[in-house]
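Raw contents of structure.csv, CSV, C-alpha atoms and all ligand atoms:
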chain,number,residue,atom,x,y,z
A,1,MET,CA,-14.6,-59.2,9.5
A,2,GLU,CA,-18.3,-58.5,8.6
A,3,PHE,CA,-20.8,-57.9,11.4
A,4,GLY,CA,-22.6,-61.3,11.0
A,5,THR,CA,-19.3,-63.2,11.3
A,6,LYS,CA,-18.4,-61.1,14.4
A,7,LEU,CA,-21.6,-62.1,16.0
A,8,ILE,CA,-20.8,-65.8,15.7
A,9,HIS,CA,-17.1,-65.7,16.4
A,10,PHE,CA,-16.6,-62.4,18.4
A,11,GLY,CA,-12.9,-63.1,19.0
A,12,HIS,CA,-13.8,-66.0,21.4
A,13,ASP,CA,-11.8,-69.2,21.0
A,14,TYR,CA,-13.4,-72.6,21.5
A,15,ASP,CA,-13.1,-73.7,25.1
A,16,LYS,CA,-9.4,-74.5,25.8
A,17,GLU,CA,-10.2,-77.5,28.1
A,18,THR,CA,-12.9,-79.2,26.1
A,19,GLY,CA,-13.3,-77.6,22.7
A,20,ALA,CA,-16.9,-76.6,23.6
A,21,LEU,CA,-18.4,-74.1,21.2
A,22,GLY,CA,-20.5,-72.3,23.8
A,23,VAL,CA,-19.0,-70.1,26.4
A,24,PRO,CA,-19.0,-72.0,29.7
A,25,ILE,CA,-21.1,-70.6,32.5
A,26,TYR,CA,-18.6,-69.9,35.3
A,27,GLN,CA,-21.0,-70.2,38.2
A,28,THR,CA,-18.6,-69.3,40.9
A,29,SER,CA,-18.1,-66.3,43.3
A,30,THR,CA,-14.4,-66.8,44.0
A,31,PHE,CA,-11.3,-68.3,42.4
A,32,HIS,CA,-8.5,-70.4,43.8
A,33,GLN,CA,-5.3,-68.3,43.7
A,34,HIS,CA,-2.5,-70.4,42.5
A,35,GLU,CA,0.2,-68.0,43.7
A,36,VAL,CA,-1.2,-65.7,46.3
A,37,GLU,CA,1.5,-63.2,46.1
A,38,LYS,CA,1.3,-62.8,42.4
A,39,GLY,CA,-2.4,-62.1,41.8
A,40,GLN,CA,-4.2,-63.4,38.7
A,41,GLU,CA,-6.9,-62.2,36.2
A,42,TYR,CA,-9.9,-63.5,38.2
A,43,ASP,CA,-10.1,-63.4,42.0
A,44,TYR,CA,-13.7,-62.5,42.9
A,45,ALA,CA,-16.7,-62.6,40.6
A,46,ARG,CA,-17.9,-59.0,41.2
A,47,SER,CA,-14.5,-57.8,40.0
A,48,GLY,CA,-14.5,-60.2,37.0
A,49,ASN,CA,-16.0,-63.5,35.7
A,50,PRO,CA,-14.9,-65.3,32.5
A,51,THR,CA,-18.5,-65.6,31.2
A,52,ARG,CA,-19.1,-61.9,31.8
A,53,LYS,CA,-15.7,-61.2,30.2
A,54,ALA,CA,-16.8,-63.0,27.0
A,55,LEU,CA,-19.9,-60.9,26.8
A,56,GLU,CA,-18.0,-57.7,27.6
A,57,ASP,CA,-15.4,-58.4,24.9
A,58,ALA,CA,-18.2,-59.3,22.4
A,59,ILE,CA,-20.1,-56.0,22.8
A,60,ALA,CA,-16.8,-54.0,22.7
A,61,LEU,CA,-16.0,-55.6,19.4
A,62,LEU,CA,-19.5,-55.1,18.0
A,63,GLU,CA,-19.7,-51.4,19.1
A,64,VAL,CA,-16.1,-50.8,17.8
A,65,GLY,CA,-14.9,-49.9,21.2
A,66,THR,CA,-12.1,-51.2,23.4
A,67,HIS,CA,-13.7,-52.0,26.7
A,68,GLY,CA,-17.2,-53.5,27.5
A,69,PHE,CA,-19.0,-53.7,30.8
A,70,ALA,CA,-22.0,-55.8,31.7
A,71,PHE,CA,-24.5,-54.7,34.3
A,72,ALA,CA,-27.5,-56.1,36.0
A,73,SER,CA,-29.9,-54.0,33.9
A,74,GLY,CA,-29.9,-51.2,31.3
A,75,MET,CA,-30.7,-48.8,34.2
A,76,ALA,CA,-27.7,-50.1,36.2
A,77,ALA,CA,-25.5,-49.5,33.1
A,78,ILE,CA,-26.9,-46.0,32.6
A,79,ALA,CA,-26.7,-45.0,36.3
A,80,SER,CA,-23.2,-46.4,36.6
A,81,ALA,CA,-22.0,-44.5,33.5
A,82,LEU,CA,-23.5,-41.3,34.9
A,83,SER,CA,-21.7,-42.0,38.2
A,84,VAL,CA,-18.4,-41.0,36.6
A,85,PHE,CA,-19.5,-37.4,37.2
A,86,SER,CA,-19.1,-35.6,40.5
A,87,SER,CA,-20.9,-33.1,42.6
A,88,GLY,CA,-20.8,-29.7,40.8
A,89,ASP,CA,-20.7,-31.2,37.3
A,90,HIS,CA,-23.5,-30.4,34.9
A,91,VAL,CA,-24.9,-32.9,32.4
A,92,LEU,CA,-27.2,-32.2,29.4
A,93,ILE,CA,-29.8,-34.9,28.5
A,94,CYS,CA,-32.1,-35.0,25.5
A,95,GLU,CA,-35.6,-34.2,26.6
A,96,GLU,CA,-37.1,-37.3,25.0
A,97,VAL,CA,-35.0,-39.7,27.1
A,98,TYR,CA,-36.1,-43.1,28.4
A,99,GLY,CA,-38.4,-42.8,31.5
A,100,GLY,CA,-36.0,-44.6,33.8
A,101,THR,CA,-33.2,-42.3,32.8
A,102,PHE,CA,-35.4,-39.3,33.3
A,103,ARG,CA,-36.3,-40.6,36.8
A,104,MET,CA,-32.6,-41.0,37.8
A,105,ALA,CA,-31.7,-37.7,36.3
A,106,THR,CA,-34.5,-35.8,38.1
A,107,LYS,CA,-34.7,-37.6,41.5
A,108,PHE,CA,-31.4,-39.3,42.1
A,109,PHE,CA,-28.4,-37.5,40.7
A,110,PRO,CA,-29.5,-34.1,41.9
A,111,ARG,CA,-29.2,-35.4,45.5
A,112,PHE,CA,-25.5,-35.7,44.8
A,113,ASP,CA,-25.4,-32.2,43.3
A,114,VAL,CA,-24.9,-33.4,39.8
A,115,GLU,CA,-26.9,-30.8,37.8
A,116,ILE,CA,-28.9,-32.0,34.9
A,117,SER,CA,-30.6,-30.0,32.2
A,118,PHE,CA,-33.0,-31.3,29.6
A,119,ILE,CA,-32.4,-30.0,26.1
A,120,ASN,CA,-34.1,-30.2,22.7
A,121,VAL,CA,-31.2,-31.7,20.7
A,122,GLY,CA,-33.0,-30.9,17.5
A,123,GLU,CA,-32.0,-27.3,18.0
A,124,LEU,CA,-28.2,-27.0,17.9
A,125,ASP,CA,-28.4,-23.4,19.1
A,126,ASP,CA,-30.3,-24.5,22.2
A,127,VAL,CA,-27.7,-27.1,22.9
A,128,ALA,CA,-24.9,-24.5,22.5
A,129,GLN,CA,-26.8,-22.1,24.8
A,130,ALA,CA,-27.2,-24.8,27.5
A,131,ILE,CA,-23.4,-25.5,27.8
A,132,ARG,CA,-21.9,-23.9,30.9
A,133,PRO,CA,-18.4,-23.8,32.3
A,134,ASN,CA,-19.1,-26.8,34.5
A,135,THR,CA,-20.9,-28.8,31.7
A,136,LYS,CA,-19.2,-32.2,31.4
A,137,ALA,CA,-21.4,-34.3,29.2
A,138,VAL,CA,-24.3,-34.7,26.8
A,139,PHE,CA,-26.5,-37.8,26.9
A,140,LEU,CA,-28.4,-38.7,23.7
A,141,GLU,CA,-30.9,-41.3,22.5
A,142,THR,CA,-31.8,-41.7,18.8
A,143,PRO,CA,-34.3,-42.7,17.6
A,144,SER,CA,-36.3,-41.4,20.5
A,145,ASN,CA,-39.0,-43.2,22.4
A,146,PRO,CA,-41.9,-43.3,21.7
A,147,LEU,CA,-42.0,-40.9,18.7
A,148,LEU,CA,-38.9,-42.1,16.9
A,149,LYS,CA,-37.5,-38.6,16.5
A,150,ILE,CA,-33.9,-38.5,15.1
A,151,THR,CA,-30.9,-36.7,16.6
A,152,ASP,CA,-28.2,-35.7,14.2
A,153,LEU,CA,-25.4,-37.5,16.0
A,154,ARG,CA,-22.6,-36.0,13.9
A,155,ALA,CA,-23.8,-32.4,14.5
A,156,VAL,CA,-24.3,-32.7,18.2
A,157,ILE,CA,-21.0,-34.7,18.7
A,158,ALA,CA,-19.1,-32.0,16.8
A,159,LEU,CA,-20.5,-29.3,19.0
A,160,ALA,CA,-19.8,-31.3,22.2
A,161,LYS,CA,-16.3,-32.0,21.1
A,162,GLN,CA,-15.6,-28.2,20.7
A,163,LYS,CA,-16.4,-27.9,24.4
A,164,ASN,CA,-14.6,-31.1,25.5
A,165,LEU,CA,-17.9,-32.8,26.6
A,166,ILE,CA,-18.2,-36.5,27.0
A,167,VAL,CA,-20.9,-37.8,24.7
A,168,LEU,CA,-23.1,-40.7,25.9
A,169,VAL,CA,-25.5,-42.5,23.6
A,170,ASP,CA,-28.2,-44.9,24.6
A,171,ASN,CA,-28.2,-47.2,21.5
A,172,THR,CA,-30.9,-49.6,22.7
A,173,PHE,CA,-33.4,-49.1,19.8
A,174,MET,CA,-30.8,-49.6,17.1
A,175,SER,CA,-28.4,-52.2,18.5
A,176,PRO,CA,-24.8,-52.3,17.3
A,177,TYR,CA,-26.0,-54.0,14.1
A,178,LEU,CA,-27.7,-50.9,12.9
A,179,GLN,CA,-25.8,-48.0,14.6
A,180,ARG,CA,-22.4,-47.7,16.1
A,181,PRO,CA,-22.1,-44.3,17.8
A,182,LEU,CA,-18.5,-44.7,18.9
A,183,SER,CA,-17.5,-44.7,15.2
A,184,LEU,CA,-19.2,-41.3,14.9
A,185,GLY,CA,-17.2,-39.9,17.8
A,186,ALA,CA,-19.3,-40.7,20.8
A,187,ASP,CA,-17.4,-41.7,24.0
A,188,ILE,CA,-19.8,-44.0,25.8
A,189,VAL,CA,-22.4,-46.3,24.3
A,190,LEU,CA,-25.1,-47.8,26.5
A,191,HIS,CA,-27.6,-50.6,26.0
A,192,SER,CA,-30.6,-52.0,27.7
A,193,ALA,CA,-29.5,-55.5,26.6
A,194,THR,CA,-32.9,-56.7,27.8
A,195,LYS,CA,-34.2,-55.5,24.4
A,196,PHE,CA,-32.6,-56.4,21.0
A,197,ILE,CA,-29.4,-57.9,22.3
A,198,GLY,CA,-31.0,-60.5,24.6
A,199,GLY,CA,-33.8,-60.5,22.0
A,200,HIS,CA,-36.0,-63.2,23.6
A,201,SER,CA,-37.8,-61.3,26.4
A,202,ASP,CA,-36.3,-63.7,28.9
A,203,VAL,CA,-33.4,-61.7,30.6
A,204,VAL,CA,-32.7,-58.3,32.0
A,205,GLY,CA,-29.3,-56.7,31.6
A,206,GLY,CA,-27.3,-53.7,30.5
A,207,LEU,CA,-24.1,-53.0,28.6
A,208,CYS,CA,-21.7,-50.1,28.3
A,209,VAL,CA,-18.8,-49.7,25.8
A,210,VAL,CA,-16.0,-47.1,25.7
A,211,LYS,CA,-12.9,-46.6,23.6
A,212,ASP,CA,-10.8,-44.5,25.8
A,213,PRO,CA,-8.6,-46.2,28.4
A,214,ASP,CA,-9.1,-43.5,31.0
A,215,LEU,CA,-12.9,-43.6,30.7
A,216,ALA,CA,-12.6,-47.4,30.9
A,217,LYS,CA,-10.8,-47.1,34.2
A,218,ARG,CA,-13.4,-44.8,35.6
A,219,ILE,CA,-16.3,-47.0,34.5
A,220,TYR,CA,-14.5,-50.2,35.8
A,221,PHE,CA,-14.0,-48.5,39.2
A,222,ILE,CA,-17.8,-47.9,39.4
A,223,GLN,CA,-18.7,-51.4,38.0
A,224,ASN,CA,-16.5,-53.1,40.6
A,225,GLY,CA,-17.1,-50.6,43.4
A,226,PHE,CA,-20.9,-50.1,43.0
A,227,GLY,CA,-21.2,-53.7,42.0
A,228,ALA,CA,-24.3,-53.8,39.8
A,229,VAL,CA,-22.8,-56.6,37.7
A,230,LEU,CA,-24.6,-59.1,35.5
A,231,GLY,CA,-24.6,-62.7,36.7
A,232,PRO,CA,-23.0,-65.5,34.7
A,233,GLN,CA,-26.2,-67.3,33.7
A,234,ASP,CA,-27.6,-64.0,32.4
A,235,CYS,CA,-24.4,-63.3,30.6
A,236,PHE,CA,-24.7,-66.6,28.9
A,237,LEU,CA,-28.3,-65.8,27.8
A,238,MET,CA,-27.1,-62.5,26.4
A,239,LEU,CA,-24.3,-64.2,24.4
A,240,ARG,CA,-26.8,-66.8,23.1
A,241,GLY,CA,-29.2,-64.0,22.0
A,242,LEU,CA,-26.5,-62.0,20.4
A,243,LYS,CA,-25.6,-64.7,17.9
A,244,THR,CA,-28.9,-64.2,16.1
A,245,LEU,CA,-29.0,-60.4,16.4
A,246,LYS,CA,-28.5,-59.8,12.7
A,247,VAL,CA,-31.1,-62.3,11.4
A,248,ARG,CA,-33.6,-61.2,14.0
A,249,MET,CA,-33.1,-57.5,13.3
A,250,ASP,CA,-33.3,-58.0,9.5
A,251,ALA,CA,-36.6,-59.9,9.7
A,252,GLN,CA,-38.1,-57.7,12.4
A,253,GLN,CA,-37.2,-54.6,10.6
A,254,LYS,CA,-38.7,-55.9,7.3
A,255,GLY,CA,-41.9,-56.6,9.2
A,256,ALA,CA,-41.9,-53.2,10.8
A,257,GLN,CA,-41.4,-51.5,7.4
A,258,GLU,CA,-44.3,-53.4,5.9
A,259,ILE,CA,-46.7,-52.8,8.8
A,260,ALA,CA,-45.8,-49.1,9.2
A,261,GLN,CA,-46.4,-48.6,5.5
A,262,TRP,CA,-49.7,-50.3,5.6
A,263,LEU,CA,-50.8,-48.2,8.6
A,264,GLN,CA,-49.6,-45.0,6.8
A,265,SER,CA,-51.8,-46.0,3.8
A,266,ARG,CA,-54.9,-46.2,5.9
A,267,SER,CA,-57.1,-43.0,5.9
A,268,ASP,CA,-58.3,-43.8,9.5
A,269,ILE,CA,-54.8,-43.6,11.0
A,270,PRO,CA,-53.7,-40.0,11.6
A,271,ALA,CA,-50.0,-40.5,12.0
A,272,VAL,CA,-47.3,-43.2,11.9
A,273,PHE,CA,-43.8,-42.5,13.3
A,274,TYR,CA,-41.0,-44.6,11.8
A,275,PRO,CA,-37.7,-43.4,10.3
A,276,GLY,CA,-38.2,-46.0,7.5
A,277,LEU,CA,-41.1,-44.1,6.1
A,278,VAL,CA,-40.7,-41.6,3.2
A,279,GLY,CA,-41.9,-38.3,4.8
A,280,HIS,CA,-40.3,-39.0,8.2
A,281,PRO,CA,-38.7,-35.5,8.9
A,282,LEU,CA,-35.1,-36.7,9.5
A,283,ARG,CA,-35.1,-39.9,7.5
A,284,ASP,CA,-32.0,-39.0,5.5
A,285,THR,CA,-30.1,-38.0,8.6
A,286,HIS,CA,-31.0,-41.2,10.3
A,287,LEU,CA,-30.0,-43.3,7.3
A,288,SER,CA,-26.6,-41.4,7.2
A,289,GLN,CA,-25.8,-42.6,10.7
A,290,ALA,CA,-27.6,-45.9,10.9
A,291,ASP,CA,-27.9,-48.9,8.6
A,292,GLY,CA,-31.6,-49.3,8.9
A,293,ALA,CA,-34.8,-48.0,10.5
A,294,GLY,CA,-35.1,-50.7,13.2
A,295,ALA,CA,-38.1,-52.7,14.3
A,296,VAL,CA,-40.0,-50.2,16.5
A,297,PHE,CA,-42.6,-47.7,15.3
A,298,SER,CA,-45.5,-45.9,16.8
A,299,PHE,CA,-48.8,-44.6,15.5
A,300,ARG,CA,-51.8,-42.5,16.5
A,301,CYS,CA,-55.1,-44.3,16.0
A,302,ALA,CA,-57.4,-41.2,16.4
A,303,SER,CA,-58.9,-41.8,19.9
A,304,LYS,CA,-58.1,-43.1,23.3
A,305,GLU,CA,-61.1,-45.6,23.0
A,306,ARG,CA,-59.8,-47.0,19.8
A,307,ALA,CA,-56.3,-47.3,21.2
A,308,LEU,CA,-57.6,-49.3,24.2
A,309,LYS,CA,-59.8,-51.4,22.0
A,310,PHE,CA,-56.8,-52.2,19.8
A,311,LEU,CA,-54.7,-53.2,22.8
A,312,HIS,CA,-57.5,-55.4,24.1
A,313,SER,CA,-58.4,-57.1,20.9
A,314,VAL,CA,-55.0,-57.6,19.2
A,315,ARG,CA,-54.0,-61.3,19.5
A,316,LEU,CA,-50.5,-61.7,18.1
A,317,ALA,CA,-49.0,-58.8,20.0
A,318,ALA,CA,-48.7,-58.8,23.8
A,319,ALA,CA,-50.0,-55.6,25.4
A,320,ALA,CA,-46.9,-55.0,27.4
A,321,VAL,CA,-43.9,-52.8,28.2
A,322,SER,CA,-40.5,-53.6,26.7
A,323,LEU,CA,-39.4,-54.1,23.1
A,324,GLY,CA,-36.9,-55.9,21.0
A,325,GLY,CA,-38.0,-59.5,21.6
A,326,VAL,CA,-39.0,-62.1,19.1
A,327,GLU,CA,-42.6,-61.6,20.1
A,328,THR,CA,-44.5,-58.5,18.8
A,329,ILE,CA,-45.3,-56.1,21.7
A,330,ALA,CA,-47.8,-53.3,21.6
A,331,SER,CA,-47.3,-50.7,24.3
A,332,TYR,CA,-49.4,-47.8,25.5
A,333,PRO,CA,-46.9,-45.1,26.4
A,334,VAL,CA,-49.4,-42.8,28.2
A,335,LYS,CA,-50.0,-45.6,30.8
A,336,MET,CA,-46.8,-47.5,30.6
A,337,SER,CA,-43.3,-46.1,29.7
A,338,HIS,CA,-44.3,-42.4,30.0
A,339,ALA,CA,-46.9,-42.5,32.8
A,340,ALA,CA,-44.5,-40.7,35.2
A,341,ILE,CA,-44.3,-37.6,32.9
A,342,PRO,CA,-46.9,-35.0,33.9
A,343,PRO,CA,-49.8,-34.8,31.5
A,344,LEU,CA,-49.1,-31.3,30.3
A,345,GLU,CA,-45.4,-32.1,29.6
A,346,ARG,CA,-46.6,-35.3,27.8
A,347,ALA,CA,-48.9,-33.3,25.6
A,348,ARG,CA,-46.1,-30.9,24.8
A,349,LEU,CA,-43.9,-33.8,23.7
A,350,GLY,CA,-46.8,-35.2,21.6
A,351,ILE,CA,-47.3,-38.3,23.6
A,352,THR,CA,-51.1,-38.4,23.2
A,353,ASP,CA,-53.6,-40.9,24.6
A,354,ASP,CA,-54.3,-42.4,21.1
A,355,LEU,CA,-50.6,-43.3,20.7
A,356,ILE,CA,-49.5,-47.0,20.4
A,357,ARG,CA,-45.9,-48.2,20.1
A,358,ILE,CA,-45.2,-51.4,18.3
A,359,SER,CA,-42.1,-53.5,18.6
A,360,VAL,CA,-42.4,-56.0,15.7
A,361,GLY,CA,-41.3,-59.6,16.4
A,362,LEU,CA,-40.7,-62.6,14.2
A,363,GLU,CA,-44.2,-63.6,13.4
A,364,ASP,CA,-45.1,-63.6,9.7
A,365,PRO,CA,-46.0,-60.0,8.8
A,366,ALA,CA,-49.1,-61.3,6.9
A,367,ASP,CA,-50.5,-62.7,10.1
A,368,LEU,CA,-49.7,-59.5,12.0
A,369,LEU,CA,-51.4,-57.4,9.3
A,370,GLU,CA,-54.6,-59.5,9.5
A,371,ASP,CA,-54.6,-59.3,13.2
A,372,PHE,CA,-54.0,-55.5,13.3
A,373,ALA,CA,-56.7,-55.0,10.7
A,374,ASN,CA,-59.2,-56.8,12.9
A,375,ALA,CA,-58.1,-55.0,16.0
A,376,LEU,CA,-58.6,-51.6,14.3
A,377,LYS,CA,-62.1,-52.4,13.1
A,401,LIG,C1,-35.6,-50.5,28.5
A,401,LIG,C2,-34.7,-49.3,28.3
A,401,LIG,C3,-33.8,-48.9,29.2
A,401,LIG,C4,-33.7,-49.5,30.6
A,401,LIG,O1,-33.2,-50.8,30.6
A,401,LIG,P1,-33.6,-51.9,31.6
A,401,LIG,O2,-32.9,-53.1,31.1
A,401,LIG,O3,-35.1,-52.0,31.7
A,401,LIG,O4,-33.1,-51.4,33.0
A,401,LIG,C5,-33.0,-47.8,28.9
A,401,LIG,N1,-33.1,-47.2,27.7
A,401,LIG,C6,-33.9,-47.6,26.8
A,401,LIG,C7,-34.0,-46.8,25.5
A,401,LIG,C8,-34.8,-48.6,27.0
A,401,LIG,O5,-35.7,-49.0,26.1

Take the structure in the file and give it back as structure tokens.
Ligand SMILES: *Cc1c(COP(=O)(O)O)cnc(C)c1O
Amino acid sequence: MEFGTKLIHFGHDYDKETGALGVPIYQTSTFHQHEVEKGQEYDYARSGNPTRKALEDAIALLEVGTHGFAFASGMAAIASALSVFSSGDHVLICEEVYGGTFRMATKFFPRFDVEISFINVGELDDVAQAIRPNTKAVFLETPSNPLLKITDLRAVIALAKQKNLIVLVDNTFMSPYLQRPLSLGADIVLHSATKFIGGHSDVVGGLCVVKDPDLAKRIYFIQNGFGAVLGPQDCFLMLRGLKTLKVRMDAQQKGAQEIAQWLQSRSDIPAVFYPGLVGHPLRDTHLSQADGAGAVFSFRCASKERALKFLHSVRLAAAAVSLGGVETIASYPVKMSHAAIPPLERARLGITDDLIRISVGLEDPADLLEDFANALK
């Protein structure tokens, strides 16, 4: 079955009772047990809920895994997945990781003696050097945020597998439509479903997919035990958003390509970062592991003043955090997603105060171009 068909049918039958096409919202905390001694699939909604199950099965199918898990946010999914590690374990994380993941990795997990090292995954030798006898996993995110740097997934996964490391990939920027890390050998895929999967800037949630039964047991233990589960209404919104993932991503990606190229052609824009642009350093690597460049890019606009003026005068893009919605969003990493990173470290990573990140929505690109041109005047 092709991806678009999977999005619509995702292995879910019409409702058995009524024939309803939509997945019913099972707004219940508990379930009558027909035969108390026997037990049954659903008994308490933290442990399992049929609406959540439909979403979990759908994401497992789309990410070519076997088990899906829905959490209350992307961070709940990431923190729960990292909770399979124990005190004394060592985990490698790519240095350009999402700010919330960085915060948990530096301020939360160390309190439980899970050691974390940040690595430059672009240098395979550095990754190899960082692996110790107690290293259990490597956590990747590609393209990176906000500079859209690419990690060669196959190369890092091959190295990790030699050392029996678990490979986790935050696939939020690409969505399963464009990139399926489990098919490249990764073990755990994570999503902030708040972004492209929900797709409408109206719900917060997280997803996790694995393909190994033992890992599935370990993640389920955390999901049920820690309990950061996604509620049935929000699961419904995710399922609803998911159906249009392909058409949204196709259109938003087309818009992103057009606007990124237009910015690149302007002599007053010093740099545009987008893996869809000829000249992006690892474009070929990206296109060998993903089916498109996505709908997020960033650019430098030459000065902090110009960046702020752009954010204040642009009309069709919200000046906001987040991405992946049908509305275009312009964010200012220095003050938003990456504000918590110390200025010197930010400068080292290239996150300058003239940098703007754009998540292209479903507006007509011609209108966005006109609006951006005015805001850059
Ligand atoms: C937004 C985001 C997260 C966190 O997800 P929430 O749903 O906000 O908790 C994690 N990773 C990436 C790449 C993100 O963009």

Practice task
Considering all atoms listed in the file, state which residue in the set A:Ala160, A:Leu323, A:Cys208, A:Ile259 is at the smallest distance from ligand LIG 401 (chain A).
Solution key: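 Among A:Ala160, A:Leu323, A:Cys208, A:Ile259, it is A:Leu323 that comes nearest to ligand LIG 401 (chain A).
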
Handout entry: Protein and nucleic acid residues within 6 Å of ligand LIG 401 (chain A) (all atoms listed in the file) as a PyMOL selection string
Key = chain A and resi 73-75+98+172+192+194+204-206

Problem - All residues 12 Å or closer to Arg283 in chain A, only C-alpha atoms, same chain fewer than 3 positions away omitted, as a list in words - result: Thr142, Pro143, Leu148, Lys149, Ile150, Thr151, Asp152, Phe273, Tyr274, Pro275, Gly276, Leu277, Val278, Gly279, His280, His286, Leu287, Ser288, Gln289, Ala290, Asp291, Gly292 and Ala293 of chain A

Problem - Residue with smallest distance to Gln257 in chain A - pool A:Gly324, A:Gly294, A:Lys53, A:Gln129, counting all atoms listed in the file - result: A:Gly294

Exercise for the section: Fewer than 2 positions away in the same chain doesn't count, so skip those; otherwise give me all residues within 8 Å of Val360 in chain A, counting all atoms listed in the file, as a ChimeraX atom specification. Expected result: /A:252-253,255-256,295-296,324,326-329,358,362

Restricting the output to C-alpha atoms, write the selected residues as a PDB file, in the frame of the given file.
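Just written: selection.pdb:
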ATOM      1  CA  GLN A 252     -38.100 -57.700  12.400  1.00  0.00           C
ATOM      2  CA  GLN A 253     -37.200 -54.600  10.600  1.00  0.00           C
ATOM      3  CA  GLY A 255     -41.900 -56.600   9.200  1.00  0.00           C
ATOM      4  CA  ALA A 256     -41.900 -53.200  10.800  1.00  0.00           C
ATOM      5  CA  ALA A 295     -38.100 -52.700  14.300  1.00  0.00           C
ATOM      6  CA  VAL A 296     -40.000 -50.200  16.500  1.00  0.00           C
ATOM      7  CA  GLY A 324     -36.900 -55.900  21.000  1.00  0.00           C
ATOM      8  CA  VAL A 326     -39.000 -62.100  19.100  1.00  0.00           C
ATOM      9  CA  GLU A 327     -42.600 -61.600  20.100  1.00  0.00           C
ATOM     10  CA  THR A 328     -44.500 -58.500  18.800  1.00  0.00           C
ATOM     11  CA  ILE A 329     -45.300 -56.100  21.700  1.00  0.00           C
ATOM     12  CA  ILE A 358     -45.200 -51.400  18.300  1.00  0.00           C
ATOM     13  CA  LEU A 362     -40.700 -62.600  14.200  1.00  0.00           C
TER      14      LEU A 362
END

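Distance-wise, CA of Thr28 in chain A and CA of Phe221 in chain A end up 21.4 Å apart.
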
Practice task
Compile the contact shell of Arg46 in chain A as a list of chain:residue names: residues with an atom at most 7 Å away, counting only C-alpha atoms, same-chain residues fewer than 5 positions apart removed.
Solution key: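 Listing them by chain and then by number gives A:Asn224, A:Gly227, A:Val229.
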
Problem - Interatomic distance (Å, one decimal) between CA of Tyr14 in chain A and CA of Arg52 in chain A - result: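 Value for the CA of Tyr14 in chain A-CA of Arg52 in chain A distance: 15.9 Å.
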